[in-house]
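One structure is given here, and the rest of the page talks about it.
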Amino acid sequence: MFSKVLIANRGEIAVRVIRTCKELGIKTVAVYSELDRGAMHVRLADEAYCLGGATAQESYLNTDKILEAIRTSGADAVHPGYGFFSENADFARQIESLGVTFIGPPSEAIEVMGDKISSRLAAEKAGVAGVPGRSEPVLDVKEIIAFGKDFGWPVAIKAAYGGGGRGMKVVTAPDMAAEAMESAKREALAYFSRDEIYLERYLTWPRHIEMQVFGDRHGNYVWLGERDCSCQRRHQKLIEESPAPNFPDEIRQKMGEAAVAVSRACGYYNAGTVEFLFQDNEFFFLEMNTRLQVEHPVTELVCGMDLVALQLRVAAGEELGFSQGDIERRGWAIECRLNAEDPREGKFSPSPGPIHRFRRPDGFGVRVDAGYEPGDSISQYYDNLIAKLVVWGETRQSALARAIRALEETEIDGVATTIPAHLAILRSQDFIDATHSTKWVEDNLDFSNIGLEPLAQPSGSPTAGTPQGEGDATSLEPKVLREVQAEVDGRLFEVKLWVPDLGSVVTTAATASRPSRSRAGSSGAGAISSDGVIGVPMQGTIIKLLVETGDSVEAGQGVCVLEAMKMENMINAPKAGSVGEIKVAPGDSVGPGDIIMTIN
Ligand code: MV4
């Protein structure tokens, strides 16, 4: 087994991995950006190294800095978490060339599955069908029209090098094919720097069901059951559950075997997820995710297994040590992603800022995987997942009731959260009956009563923003113990200092440091607009302009789509008027304070 693991990630997943490492007696190394110096994953790790920078690109995606931290720390393995470098074959290779183990699949498997055409072909080779379609790039619009004739409309045009739903275009009739093809290519190029596209029959009401697989380096494979992730909005999953409701056991078996066959065919090992679309009692291969997924805890609760521990064992060369027949799945698990987003009117607008209060739910069958504690801030620069609430129940009904109870018990002040949306979903008849599909949240969920109560205000100063490790500030001793953080050559040290008790002066100065950092992180809430100048609210990419210079707009009308934190956000006109100069173009990388356009 490894003696020291570096976690090349942040937030809840870094915390998740650190916890298991501790249980296995493995030392942990955190890395952090300038904004994350005092973050929860840094507080929990045995050692921490500064990567510098604020944006993901400058920090958690900074290969040189991470490689340097690996060398300096002497870590013998790296866990990439999800996102960032988790599905980057080059990064995996670079680590292994240092003689350090990448806790994940072989880079060849990452590559095969990274490209949608080659992954479709790999699945086909393993005898697993994708959605009826063609596993080769489309060159001419005539091919789309012919495909529609053969397979029927609608037709899905997908980016060969895409994923996550971006760049997919649905064509319902032949006369739309040319325009859809152009726009699919344009988006594919903008998002993935490659414009190859291919075709599939478009399924109109599918469920997204994915299968957890595990392989070791000795050719042993198991499947650990499915997760239904149909409850999502704009390709952002909101709720996941296992098992999938109304899902026949013989299909589960077949899907499990299909997922193992696909894994075997690409020489896979470690944790993997094979995604399927499921419609009319048929399932079709969609893609394979070559990482540990956000929603892995629902599988853990149902199987009673620690998947991170299994990842570590397999990466260290151990055999799985059990086979398919040994796996017992019991009860029902549901995960709700608590994001710092405001779900009112179905907008889910990012809500970065400081968390003043966080009452975690508790009790039987309740698990909270959080990346933050009170006093921490959600930064506009990273994924805004605050915590995952995962519940287990004997039946789906009891798990649903427990999820609702736990959500009601949860209190998060300072940022808006998705909790009101979760409550509305879990209480809706469609979700209870499990008749929802991947389009249900966007097309059917009624948001008119969601989150009507105003945002909770910061609950005063005493508890808010108290840095941890403060020591006993009210001590009557002439000297008090203070724990401070010191950074030496980029490595973080927790230092204990016995200092004269200067009373309230020092205490105030010390506690003030955190709120000021928090404010920096929250500056991006809402588009900055004064005198009709529309500014960029947060770091992101301009996706689309909806108006041109000279157009007249209503107050509140959408003028521009900004992609930030993996979501598309509508930027609205602050007032009625005519559009003046437009300062951005689709594809531009923008940050807070940049000007989008003016409204005269
Ligand atoms: C589809 C589809 C219907 N038919 N392909 C979107 C994400 C990407 N990985 C694949 N996606 C879809 N592909 C065909 N042929 C519907 C979706 C889809 C979807 C899939 C999984 C989860 C959520 C989704 C939401 C909308 C559309």
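All residue names refer to the structure tokens as shown: chains lettered A, B, ... in order, residues numbered from 1 in each chain, ligands numbered from 1 in order.
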Sort by chain and increasing residue number a table of all residues of chain A within 7 Å of ligand 1, each with its closest pair of atoms and their distance in Å to one decimal, counting only C-alpha atoms and all ligand atoms, and write it as a Markdown table.
| residue | atom | partner | partner_atom_place_in_ligand_line | distance |
| --- | --- | --- | --- | --- |
| A:Val131 | CA | ligand 1 | 15 (N) | 5.5 |
| A:Ala156 | CA | ligand 1 | 15 (N) | 5.4 |
| A:Gly163 | CA | ligand 1 | 9 (N) | 5.1 |
| A:Gly164 | CA | ligand 1 | 9 (N) | 4.5 |
| A:Gly165 | CA | ligand 1 | 7 (C) | 3.3 |
| A:Glu200 | CA | ligand 1 | 15 (N) | 4.7 |
| A:Arg201 | CA | ligand 1 | 15 (N) | 4.8 |
| A:Tyr202 | CA | ligand 1 | 4 (N) | 3.5 |
| A:Leu203 | CA | ligand 1 | 4 (N) | 3.8 |
| A:Thr204 | CA | ligand 1 | 3 (C) | 6.0 |
| A:Pro206 | CA | ligand 1 | 3 (C) | 6.6 |
| A:His208 | CA | ligand 1 | 21 (C) | 4.8 |
| A:Cys229 | CA | ligand 1 | 22 (C) | 6.9 |
| A:Ser230 | CA | ligand 1 | 22 (C) | 5.9 |
| A:Gln232 | CA | ligand 1 | 23 (C) | 6.4 |
| A:Arg234 | CA | ligand 1 | 25 (C) | 6.6 |
| A:His235 | CA | ligand 1 | 23 (C) | 5.3 |
| A:Leu277 | CA | ligand 1 | 21 (C) | 6.6 |
| A:Leu286 | CA | ligand 1 | 9 (N) | 6.4 |
| A:Glu287 | CA | ligand 1 | 9 (N) | 6.8 |
| A:Thr438 | CA | ligand 1 | 25 (C) | 4.6 |
| A:Lys439 | CA | ligand 1 | 26 (C) | 5.8 |
Could you turn the residues from that selection into a file that holds N, CA, C and O atoms, as a PDB file, in the first residue's frame?
ATOM      1  N   VAL A 131     -26.567   4.034 -29.073  1.00  0.00           N
ATOM      2  CA  VAL A 131     -27.838   4.423 -29.665  1.00  0.00           C
ATOM      3  C   VAL A 131     -27.680   4.201 -31.173  1.00  0.00           C
ATOM      4  O   VAL A 131     -26.623   4.531 -31.730  1.00  0.00           O
ATOM      5  N   ALA A 156     -29.857  13.082 -33.668  1.00  0.00           N
ATOM      6  CA  ALA A 156     -28.940  13.843 -32.793  1.00  0.00           C
ATOM      7  C   ALA A 156     -27.596  13.994 -33.500  1.00  0.00           C
ATOM      8  O   ALA A 156     -27.038  13.018 -33.992  1.00  0.00           O
ATOM      9  N   GLY A 163     -18.703  15.825 -24.989  1.00  0.00           N
ATOM     10  CA  GLY A 163     -19.123  15.138 -23.775  1.00  0.00           C
ATOM     11  C   GLY A 163     -19.962  16.093 -22.979  1.00  0.00           C
ATOM     12  O   GLY A 163     -19.986  17.301 -23.268  1.00  0.00           O
ATOM     13  N   GLY A 164     -20.685  15.542 -22.021  1.00  0.00           N
ATOM     14  CA  GLY A 164     -21.474  16.389 -21.136  1.00  0.00           C
ATOM     15  C   GLY A 164     -22.599  17.128 -21.834  1.00  0.00           C
ATOM     16  O   GLY A 164     -23.155  18.059 -21.282  1.00  0.00           O
ATOM     17  N   GLY A 165     -22.950  16.688 -23.030  1.00  0.00           N
ATOM     18  CA  GLY A 165     -24.120  17.265 -23.677  1.00  0.00           C
ATOM     19  C   GLY A 165     -23.843  18.515 -24.489  1.00  0.00           C
ATOM     20  O   GLY A 165     -24.707  19.003 -25.201  1.00  0.00           O
ATOM     21  N   GLU A 200     -26.664  10.079 -34.320  1.00  0.00           N
ATOM     22  CA  GLU A 200     -27.398   9.014 -33.635  1.00  0.00           C
ATOM     23  C   GLU A 200     -28.882   9.293 -33.772  1.00  0.00           C
ATOM     24  O   GLU A 200     -29.276  10.456 -33.943  1.00  0.00           O
ATOM     25  N   ARG A 201     -29.697   8.255 -33.641  1.00  0.00           N
ATOM     26  CA  ARG A 201     -31.122   8.491 -33.522  1.00  0.00           C
ATOM     27  C   ARG A 201     -31.332   9.253 -32.214  1.00  0.00           C
ATOM     28  O   ARG A 201     -30.643   8.975 -31.231  1.00  0.00           O
ATOM     29  N   TYR A 202     -32.206  10.228 -32.185  1.00  0.00           N
ATOM     30  CA  TYR A 202     -32.440  10.975 -30.952  1.00  0.00           C
ATOM     31  C   TYR A 202     -33.574  10.329 -30.157  1.00  0.00           C
ATOM     32  O   TYR A 202     -34.680  10.154 -30.674  1.00  0.00           O
ATOM     33  N   LEU A 203     -33.264   9.963 -28.920  1.00  0.00           N
ATOM     34  CA  LEU A 203     -34.287   9.383 -28.045  1.00  0.00           C
ATOM     35  C   LEU A 203     -34.998  10.530 -27.334  1.00  0.00           C
ATOM     36  O   LEU A 203     -34.348  11.401 -26.765  1.00  0.00           O
ATOM     37  N   THR A 204     -36.327  10.533 -27.363  1.00  0.00           N
ATOM     38  CA  THR A 204     -37.044  11.722 -26.890  1.00  0.00           C
ATOM     39  C   THR A 204     -37.330  11.738 -25.390  1.00  0.00           C
ATOM     40  O   THR A 204     -37.545  12.800 -24.827  1.00  0.00           O
ATOM     41  N   PRO A 206     -35.523   9.662 -22.685  1.00  0.00           N
ATOM     42  CA  PRO A 206     -34.694   8.608 -22.099  1.00  0.00           C
ATOM     43  C   PRO A 206     -34.406   8.855 -20.634  1.00  0.00           C
ATOM     44  O   PRO A 206     -34.522   9.978 -20.139  1.00  0.00           O
ATOM     45  N   HIS A 208     -31.296   8.451 -17.830  1.00  0.00           N
ATOM     46  CA  HIS A 208     -29.840   8.313 -17.792  1.00  0.00           C
ATOM     47  C   HIS A 208     -29.523   7.329 -16.672  1.00  0.00           C
ATOM     48  O   HIS A 208     -29.687   7.652 -15.507  1.00  0.00           O
ATOM     49  N   CYS A 229     -29.522   8.791 -12.906  1.00  0.00           N
ATOM     50  CA  CYS A 229     -29.138  10.215 -12.823  1.00  0.00           C
ATOM     51  C   CYS A 229     -30.012  11.048 -13.740  1.00  0.00           C
ATOM     52  O   CYS A 229     -29.575  12.060 -14.291  1.00  0.00           O
ATOM     53  N   SER A 230     -31.248  10.612 -13.922  1.00  0.00           N
ATOM     54  CA  SER A 230     -32.123  11.310 -14.864  1.00  0.00           C
ATOM     55  C   SER A 230     -32.539  12.687 -14.370  1.00  0.00           C
ATOM     56  O   SER A 230     -32.975  13.522 -15.155  1.00  0.00           O
ATOM     57  N   GLN A 232     -31.717  15.887 -13.711  1.00  0.00           N
ATOM     58  CA  GLN A 232     -30.648  16.854 -13.935  1.00  0.00           C
ATOM     59  C   GLN A 232     -31.203  18.045 -14.692  1.00  0.00           C
ATOM     60  O   GLN A 232     -32.299  18.015 -15.221  1.00  0.00           O
ATOM     61  N   ARG A 234     -29.804  20.980 -17.485  1.00  0.00           N
ATOM     62  CA  ARG A 234     -28.728  21.418 -18.363  1.00  0.00           C
ATOM     63  C   ARG A 234     -27.454  20.620 -18.141  1.00  0.00           C
ATOM     64  O   ARG A 234     -26.366  21.182 -17.959  1.00  0.00           O
ATOM     65  N   HIS A 235     -27.624  19.316 -18.075  1.00  0.00           N
ATOM     66  CA  HIS A 235     -26.509  18.382 -17.930  1.00  0.00           C
ATOM     67  C   HIS A 235     -25.795  18.490 -16.583  1.00  0.00           C
ATOM     68  O   HIS A 235     -24.727  17.926 -16.401  1.00  0.00           O
ATOM     69  N   LEU A 277     -28.226   5.283 -22.034  1.00  0.00           N
ATOM     70  CA  LEU A 277     -29.561   5.846 -22.124  1.00  0.00           C
ATOM     71  C   LEU A 277     -30.512   4.651 -22.089  1.00  0.00           C
ATOM     72  O   LEU A 277     -30.239   3.613 -22.693  1.00  0.00           O
ATOM     73  N   LEU A 286     -23.655   5.063 -23.968  1.00  0.00           N
ATOM     74  CA  LEU A 286     -23.516   6.494 -24.254  1.00  0.00           C
ATOM     75  C   LEU A 286     -22.044   6.893 -24.185  1.00  0.00           C
ATOM     76  O   LEU A 286     -21.459   7.355 -25.133  1.00  0.00           O
ATOM     77  N   GLU A 287     -21.432   6.730 -23.023  1.00  0.00           N
ATOM     78  CA  GLU A 287     -19.999   6.993 -22.876  1.00  0.00           C
ATOM     79  C   GLU A 287     -19.501   6.325 -21.608  1.00  0.00           C
ATOM     80  O   GLU A 287     -20.289   5.824 -20.802  1.00  0.00           O
ATOM     81  N   THR A 438     -34.647  12.564 -18.416  1.00  0.00           N
ATOM     82  CA  THR A 438     -33.574  13.570 -18.392  1.00  0.00           C
ATOM     83  C   THR A 438     -34.069  14.974 -18.728  1.00  0.00           C
ATOM     84  O   THR A 438     -33.349  15.939 -18.564  1.00  0.00           O
ATOM     85  N   LYS A 439     -35.290  15.069 -19.262  1.00  0.00           N
ATOM     86  CA  LYS A 439     -35.791  16.390 -19.661  1.00  0.00           C
ATOM     87  C   LYS A 439     -36.802  16.957 -18.674  1.00  0.00           C
ATOM     88  O   LYS A 439     -37.284  18.068 -18.840  1.00  0.00           O
TER      89      LYS A 439
END
Inset, instruction - May I have the residues within 8 Å of range 125-128 of chain A as a PyMOL selection string, using only C-alpha atoms and disregarding those fewer than 3 positions away in the same chain? - result: chain A and resi 121-122+258+261-262+265+284-285
What does the file look like for those residues with C-alpha atoms, as a PDB file, in the first residue's frame?
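The resulting file, selection_36.pdb, is reproduced below:
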ATOM      1  CA  LEU A 121     -16.407   1.601 -31.470  1.00  0.00           C
ATOM      2  CA  ALA A 122     -14.843   0.066 -28.339  1.00  0.00           C
ATOM      3  CA  ALA A 258     -22.335  -4.998 -20.742  1.00  0.00           C
ATOM      4  CA  ALA A 261     -17.523  -6.193 -21.234  1.00  0.00           C
ATOM      5  CA  VAL A 262     -16.789  -2.608 -22.300  1.00  0.00           C
ATOM      6  CA  ALA A 265     -12.362  -4.490 -23.996  1.00  0.00           C
ATOM      7  CA  PHE A 284     -27.754   1.983 -25.232  1.00  0.00           C
ATOM      8  CA  PHE A 285     -24.112   2.751 -24.516  1.00  0.00           C
TER       9      PHE A 285
END
Inset, instruction - Quick one: pull the distance between CA of Gly591 in chain A and CA of Thr541 in chain A, Å, one decimal. - result: 8.5 Å
Name the residues in contact with Asp594 in chain A at a cut-off of 7 Å, using only C-alpha atoms, excluding same-chain residues fewer than 4 positions from it; report them as a PDB file with N, CA, C and O atoms, in the first residue's frame.
ATOM      1  N   GLY A 535     -21.615  44.396 -16.879  1.00  0.00           N
ATOM      2  CA  GLY A 535     -20.305  43.820 -16.609  1.00  0.00           C
ATOM      3  C   GLY A 535     -20.386  42.317 -16.448  1.00  0.00           C
ATOM      4  O   GLY A 535     -21.454  41.752 -16.257  1.00  0.00           O
ATOM      5  N   VAL A 536     -19.229  41.685 -16.507  1.00  0.00           N
ATOM      6  CA  VAL A 536     -19.155  40.236 -16.329  1.00  0.00           C
ATOM      7  C   VAL A 536     -19.220  39.926 -14.830  1.00  0.00           C
ATOM      8  O   VAL A 536     -18.437  40.462 -14.066  1.00  0.00           O
ATOM      9  N   VAL A 590     -13.646  35.716 -20.191  1.00  0.00           N
ATOM     10  CA  VAL A 590     -13.867  36.989 -19.511  1.00  0.00           C
ATOM     11  C   VAL A 590     -13.825  36.799 -17.999  1.00  0.00           C
ATOM     12  O   VAL A 590     -13.964  35.687 -17.506  1.00  0.00           O
TER      13      VAL A 590
END
Legend entry - Straight-line distance linking CA of Phe85 in chain A with CA of Ala316 in chain A, stated in Å to one decimal: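 Those two atoms sit 19.6 Å apart.
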Need to verify the contact set: range 331-337 of chain A, 9 Å, only C-alpha atoms, exclusion of same-chain residues closer than 3 positions in sequence. Can you return it as a PDB file with N, CA, C and O atoms, in the first residue's frame?
ATOM      1  N   LYS A 237     -26.211  17.271 -12.941  1.00  0.00           N
ATOM      2  CA  LYS A 237     -27.036  16.360 -12.167  1.00  0.00           C
ATOM      3  C   LYS A 237     -27.455  17.013 -10.861  1.00  0.00           C
ATOM      4  O   LYS A 237     -26.668  17.732 -10.244  1.00  0.00           O
ATOM      5  N   LEU A 238     -28.701  16.760 -10.474  1.00  0.00           N
ATOM      6  CA  LEU A 238     -29.193  17.324  -9.212  1.00  0.00           C
ATOM      7  C   LEU A 238     -29.352  16.226  -8.169  1.00  0.00           C
ATOM      8  O   LEU A 238     -28.926  16.367  -7.036  1.00  0.00           O
ATOM      9  N   ILE A 239     -30.013  15.141  -8.575  1.00  0.00           N
ATOM     10  CA  ILE A 239     -30.281  14.033  -7.655  1.00  0.00           C
ATOM     11  C   ILE A 239     -29.907  12.728  -8.360  1.00  0.00           C
ATOM     12  O   ILE A 239     -30.187  12.563  -9.543  1.00  0.00           O
ATOM     13  N   GLU A 240     -29.241  11.854  -7.623  1.00  0.00           N
ATOM     14  CA  GLU A 240     -28.936  10.534  -8.161  1.00  0.00           C
ATOM     15  C   GLU A 240     -29.421   9.501  -7.163  1.00  0.00           C
ATOM     16  O   GLU A 240     -29.428   9.757  -5.963  1.00  0.00           O
ATOM     17  N   GLU A 241     -29.820   8.329  -7.681  1.00  0.00           N
ATOM     18  CA  GLU A 241     -30.261   7.295  -6.754  1.00  0.00           C
ATOM     19  C   GLU A 241     -29.820   5.918  -7.237  1.00  0.00           C
ATOM     20  O   GLU A 241     -29.549   5.711  -8.417  1.00  0.00           O
ATOM     21  N   SER A 242     -29.729   5.009  -6.296  1.00  0.00           N
ATOM     22  CA  SER A 242     -29.449   3.624  -6.610  1.00  0.00           C
ATOM     23  C   SER A 242     -30.256   2.764  -5.652  1.00  0.00           C
ATOM     24  O   SER A 242     -30.293   3.062  -4.457  1.00  0.00           O
ATOM     25  N   PRO A 243     -30.915   1.703  -6.144  1.00  0.00           N
ATOM     26  CA  PRO A 243     -31.004   1.320  -7.552  1.00  0.00           C
ATOM     27  C   PRO A 243     -31.861   2.289  -8.363  1.00  0.00           C
ATOM     28  O   PRO A 243     -32.425   3.228  -7.802  1.00  0.00           O
ATOM     29  N   GLU A 295     -21.252  11.093  -7.789  1.00  0.00           N
ATOM     30  CA  GLU A 295     -22.359  10.360  -7.168  1.00  0.00           C
ATOM     31  C   GLU A 295     -21.973   8.965  -6.675  1.00  0.00           C
ATOM     32  O   GLU A 295     -22.861   8.160  -6.367  1.00  0.00           O
ATOM     33  N   PRO A 297     -21.113   7.909  -3.830  1.00  0.00           N
ATOM     34  CA  PRO A 297     -21.590   7.482  -2.506  1.00  0.00           C
ATOM     35  C   PRO A 297     -22.902   6.691  -2.516  1.00  0.00           C
ATOM     36  O   PRO A 297     -23.116   5.860  -1.633  1.00  0.00           O
ATOM     37  N   VAL A 298     -23.777   6.916  -3.495  1.00  0.00           N
ATOM     38  CA  VAL A 298     -25.025   6.139  -3.466  1.00  0.00           C
ATOM     39  C   VAL A 298     -24.711   4.654  -3.662  1.00  0.00           C
ATOM     40  O   VAL A 298     -25.348   3.779  -3.046  1.00  0.00           O
ATOM     41  N   THR A 299     -23.719   4.380  -4.494  1.00  0.00           N
ATOM     42  CA  THR A 299     -23.301   2.989  -4.692  1.00  0.00           C
ATOM     43  C   THR A 299     -22.641   2.452  -3.422  1.00  0.00           C
ATOM     44  O   THR A 299     -22.878   1.313  -3.017  1.00  0.00           O
ATOM     45  N   GLU A 300     -21.848   3.299  -2.776  1.00  0.00           N
ATOM     46  CA  GLU A 300     -21.192   2.881  -1.528  1.00  0.00           C
ATOM     47  C   GLU A 300     -22.219   2.485  -0.466  1.00  0.00           C
ATOM     48  O   GLU A 300     -22.059   1.482   0.232  1.00  0.00           O
ATOM     49  N   LEU A 301     -23.284   3.292  -0.358  1.00  0.00           N
ATOM     50  CA  LEU A 301     -24.275   3.022   0.687  1.00  0.00           C
ATOM     51  C   LEU A 301     -25.065   1.748   0.401  1.00  0.00           C
ATOM     52  O   LEU A 301     -25.425   1.021   1.321  1.00  0.00           O
ATOM     53  N   VAL A 302     -25.336   1.501  -0.870  1.00  0.00           N
ATOM     54  CA  VAL A 302     -26.130   0.327  -1.214  1.00  0.00           C
ATOM     55  C   VAL A 302     -25.276  -0.953  -1.150  1.00  0.00           C
ATOM     56  O   VAL A 302     -25.752  -2.005  -0.745  1.00  0.00           O
ATOM     57  N   LEU A 385     -20.278  23.172  -5.846  1.00  0.00           N
ATOM     58  CA  LEU A 385     -20.823  22.127  -4.986  1.00  0.00           C
ATOM     59  C   LEU A 385     -20.358  22.363  -3.542  1.00  0.00           C
ATOM     60  O   LEU A 385     -19.165  22.345  -3.267  1.00  0.00           O
ATOM     61  N   ILE A 386     -21.313  22.607  -2.649  1.00  0.00           N
ATOM     62  CA  ILE A 386     -20.965  22.829  -1.241  1.00  0.00           C
ATOM     63  C   ILE A 386     -20.831  21.484  -0.544  1.00  0.00           C
ATOM     64  O   ILE A 386     -19.879  21.230   0.180  1.00  0.00           O
ATOM     65  N   ALA A 387     -21.820  20.631  -0.773  1.00  0.00           N
ATOM     66  CA  ALA A 387     -21.864  19.357  -0.070  1.00  0.00           C
ATOM     67  C   ALA A 387     -22.807  18.416  -0.799  1.00  0.00           C
ATOM     68  O   ALA A 387     -23.661  18.849  -1.573  1.00  0.00           O
ATOM     69  N   LYS A 388     -22.631  17.133  -0.545  1.00  0.00           N
ATOM     70  CA  LYS A 388     -23.573  16.145  -1.054  1.00  0.00           C
ATOM     71  C   LYS A 388     -24.291  15.563   0.152  1.00  0.00           C
ATOM     72  O   LYS A 388     -23.647  15.141   1.108  1.00  0.00           O
ATOM     73  N   LEU A 389     -25.605  15.592   0.079  1.00  0.00           N
ATOM     74  CA  LEU A 389     -26.390  14.943   1.122  1.00  0.00           C
ATOM     75  C   LEU A 389     -26.787  13.584   0.575  1.00  0.00           C
ATOM     76  O   LEU A 389     -27.448  13.504  -0.467  1.00  0.00           O
ATOM     77  N   VAL A 390     -26.342  12.535   1.251  1.00  0.00           N
ATOM     78  CA  VAL A 390     -26.611  11.180   0.762  1.00  0.00           C
ATOM     79  C   VAL A 390     -27.343  10.419   1.858  1.00  0.00           C
ATOM     80  O   VAL A 390     -26.874  10.378   2.999  1.00  0.00           O
ATOM     81  N   VAL A 391     -28.492   9.879   1.510  1.00  0.00           N
ATOM     82  CA  VAL A 391     -29.246   9.136   2.529  1.00  0.00           C
ATOM     83  C   VAL A 391     -29.438   7.695   2.097  1.00  0.00           C
ATOM     84  O   VAL A 391     -29.456   7.382   0.905  1.00  0.00           O
ATOM     85  N   TRP A 392     -29.584   6.836   3.097  1.00  0.00           N
ATOM     86  CA  TRP A 392     -29.881   5.426   2.836  1.00  0.00           C
ATOM     87  C   TRP A 392     -31.192   5.083   3.525  1.00  0.00           C
ATOM     88  O   TRP A 392     -31.471   5.568   4.631  1.00  0.00           O
ATOM     89  N   GLY A 393     -31.994   4.276   2.880  1.00  0.00           N
ATOM     90  CA  GLY A 393     -33.228   3.770   3.487  1.00  0.00           C
ATOM     91  C   GLY A 393     -33.461   2.342   3.043  1.00  0.00           C
ATOM     92  O   GLY A 393     -32.938   1.911   2.020  1.00  0.00           O
ATOM     93  N   GLU A 394     -34.263   1.634   3.819  1.00  0.00           N
ATOM     94  CA  GLU A 394     -34.591   0.238   3.497  1.00  0.00           C
ATOM     95  C   GLU A 394     -35.295   0.146   2.134  1.00  0.00           C
ATOM     96  O   GLU A 394     -35.043  -0.757   1.353  1.00  0.00           O
ATOM     97  N   THR A 395     -36.153   1.138   1.870  1.00  0.00           N
ATOM     98  CA  THR A 395     -36.926   1.162   0.625  1.00  0.00           C
ATOM     99  C   THR A 395     -36.783   2.549  -0.003  1.00  0.00           C
ATOM    100  O   THR A 395     -36.301   3.481   0.639  1.00  0.00           O
ATOM    101  N   ARG A 396     -37.251   2.683  -1.242  1.00  0.00           N
ATOM    102  CA  ARG A 396     -37.193   3.999  -1.882  1.00  0.00           C
ATOM    103  C   ARG A 396     -38.036   4.993  -1.105  1.00  0.00           C
ATOM    104  O   ARG A 396     -37.650   6.145  -0.891  1.00  0.00           O
ATOM    105  N   GLN A 397     -39.182   4.525  -0.642  1.00  0.00           N
ATOM    106  CA  GLN A 397     -40.074   5.415   0.100  1.00  0.00           C
ATOM    107  C   GLN A 397     -39.402   5.949   1.369  1.00  0.00           C
ATOM    108  O   GLN A 397     -39.485   7.134   1.672  1.00  0.00           O
ATOM    109  N   SER A 398     -38.722   5.079   2.093  1.00  0.00           N
ATOM    110  CA  SER A 398     -38.099   5.559   3.333  1.00  0.00           C
ATOM    111  C   SER A 398     -36.889   6.435   3.024  1.00  0.00           C
ATOM    112  O   SER A 398     -36.608   7.398   3.743  1.00  0.00           O
ATOM    113  N   ALA A 399     -36.189   6.127   1.940  1.00  0.00           N
ATOM    114  CA  ALA A 399     -35.057   6.974   1.564  1.00  0.00           C
ATOM    115  C   ALA A 399     -35.543   8.366   1.163  1.00  0.00           C
ATOM    116  O   ALA A 399     -34.942   9.381   1.521  1.00  0.00           O
ATOM    117  N   LEU A 400     -36.655   8.412   0.436  1.00  0.00           N
ATOM    118  CA  LEU A 400     -37.236   9.708   0.040  1.00  0.00           C
ATOM    119  C   LEU A 400     -37.617  10.521   1.274  1.00  0.00           C
ATOM    120  O   LEU A 400     -37.315  11.716   1.375  1.00  0.00           O
ATOM    121  N   ALA A 403     -34.524  11.758   2.993  1.00  0.00           N
ATOM    122  CA  ALA A 403     -33.882  12.851   2.251  1.00  0.00           C
ATOM    123  C   ALA A 403     -34.603  14.170   2.536  1.00  0.00           C
ATOM    124  O   ALA A 403     -33.971  15.201   2.783  1.00  0.00           O
ATOM    125  N   LEU A 407     -32.999  17.335   4.420  1.00  0.00           N
ATOM    126  CA  LEU A 407     -32.919  18.633   3.728  1.00  0.00           C
ATOM    127  C   LEU A 407     -33.567  19.718   4.585  1.00  0.00           C
ATOM    128  O   LEU A 407     -33.082  20.847   4.668  1.00  0.00           O
ATOM    129  N   THR A 418     -29.331  24.972  -3.620  1.00  0.00           N
ATOM    130  CA  THR A 418     -30.316  24.199  -4.385  1.00  0.00           C
ATOM    131  C   THR A 418     -31.296  23.447  -3.487  1.00  0.00           C
ATOM    132  O   THR A 418     -32.158  22.732  -4.000  1.00  0.00           O
ATOM    133  N   ILE A 419     -31.192  23.622  -2.174  1.00  0.00           N
ATOM    134  CA  ILE A 419     -32.073  22.872  -1.265  1.00  0.00           C
ATOM    135  C   ILE A 419     -33.559  23.046  -1.606  1.00  0.00           C
ATOM    136  O   ILE A 419     -34.296  22.053  -1.672  1.00  0.00           O
ATOM    137  N   HIS A 422     -34.438  20.815  -4.442  1.00  0.00           N
ATOM    138  CA  HIS A 422     -34.453  19.398  -4.067  1.00  0.00           C
ATOM    139  C   HIS A 422     -35.754  19.029  -3.369  1.00  0.00           C
ATOM    140  O   HIS A 422     -36.346  17.991  -3.640  1.00  0.00           O
TER     141      HIS A 422
END
Legend entry - Among the residues A:His436, A:Val559, A:Glu12, A:Ser97, the one that comes closest to Gln279 in chain A [using only C-alpha atoms]: A:His436
Legend entry - Which of range 308-463 of chain A fall in helix (DSSP H, G or I), as number ranges by chain: A: 308-315, 324-326, 344-346, 396-409, 419-427, 429-433, 440-444
Inset, instruction - Going by DSSP on the backbone, which bits of range 77-244 of chain A are strand (DSSP E)? Write them as number ranges by chain, please. - result: A: 77-79, 101-102, 133-134, 155-159, 169-171, 197-201, 207-215, 221-233, 236-242
Inset, instruction - Please indicate the distance in Å from CA of Gln429 in chain A to CA of Asp446 in chain A, rounded to one decimal place. - result: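 These two atoms are separated by 11.6 Å.
Look at Gly25 in chain A: the protein and nucleic acid residues within 9 Å of it, using only C-alpha atoms and passing over chain neighbours fewer than 4 places away, are Ser3, Thr20 and Cys21 of chain A.
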Inset, instruction - Within 7 Å of range 58-74 of chain A, counting only C-alpha atoms, which residues show up once you throw out same-chain ones fewer than 3 positions away? Write them as a VMD selection string, please. - result: chain A and resid 6 8 to 9 33 49 51 to 55 84 to 85
